[in-house]
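See structure below.
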Amino acid sequence: MLKRISFSDKVMLIVIYVFLSLLAFSALYPFWNAVAVSFNVGVDTAKGGVTFWPREFTTENYKIILQDDRLLNGFFISISRTVIGTATSIFMTALLAFGMTRTYLIGRKYYTLFFIFTLYFGGGLIPTYLLIRSLGLMDSFLVFIIPSLISVWNMIIFRTFFKGLPVGLEESANIDGCSNWGTFFRIILPLSGPVIATLALLTAVGHWNDWFLPSIYITSDHLLPIQTILRQTLNANIVSGSSSVLDSASTALLENARQITSKSLTMAMMIVVTLPIILVYPFVQKYFVKGVLVGSLKE
């Protein structure tokens, strides 16, 4: 028998649904408006009034982006940094967390305090810059990888997850003569799919969206990721045909791009930069609840 809903409960449900609908609309509309502007003729967009749908449909904004060598190189740097940086960071962090679960590790409590300390206190921008320069990482692709090899927060989540695994699995592996390396690769990692998928996505998003680090440590244009190029485009407030973005576009393309404005081109760049993460997220969404909440379990 279905429970009858009172009038006050119905009103409350309506209020909740209306509020959540408005909240979802406020979050989705800016992105949808950016899509509409990116597919609209730039000079027509400058007149205003483009909201949900392109008024004068065009794909010239995306043609400019996909045929410019500087932007394509930026995509290659971003993809390379995200893939390599995520893989190395997850592996090294998981390996560190596995070591921190060893009860026979000498000084384990002191190591834990040392890592926790770095969560609350940092050297600051200038000391970090001096450190990066002294390590010879300035204007190098390795500056995207090495400083982010270890994430203390991710290490804590990994360690908590590893401690929650049945002790009998590792004991059985040790009886069979499995070493620590074998236990890590054959037992621990295969059972850590949810937490690896979750932390890998969060790490990848951090690498993909980062524009600040390259703007400080990178001076060569060929090492700039697409996010930093987009940031420079926004700061420069480029106009149609500006050499800062369209250096390598063909003459014929520039002739067709006279209807392009800085706003329409920027919106198209924003959509192209955001799209890869949006496409990846649905494949790992199912791991989020189990993977993220594991860090809240007591040790």
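The way I read the labels, and the way they are meant: chains A, B, ... in the order of the structure tokens, residue 1 as the first residue of every chain, and ligand 1 as the first ligand shown, with later ones counted on from there.
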
Exercise. Using only C-alpha atoms, which residues sit within 10 Å of Tyr129 in chain A once same-chain residues fewer than 6 positions away are excluded, as a PyMOL selection string?
Worked result: chain A and resi 123+135+137-138+216-217

Problem set entry | Best match for closeness to Asn73 in chain A among A:Ile226, A:Ile157, A:Val50, A:Val18, counting only C-alpha atoms | A:Ile226

For this session: Mind the document's chain letters and residue numbers, and return as a count of residues only the residues of range 66-295 of chain A that DSSP labels alpha helix (DSSP H).
Result: 154

For this session: Take CA of Phe161 in chain A and CA of Tyr110 in chain A and report the distance between them in Å, one decimal.
Result: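 Distance between the two atoms: 20.7 Å.
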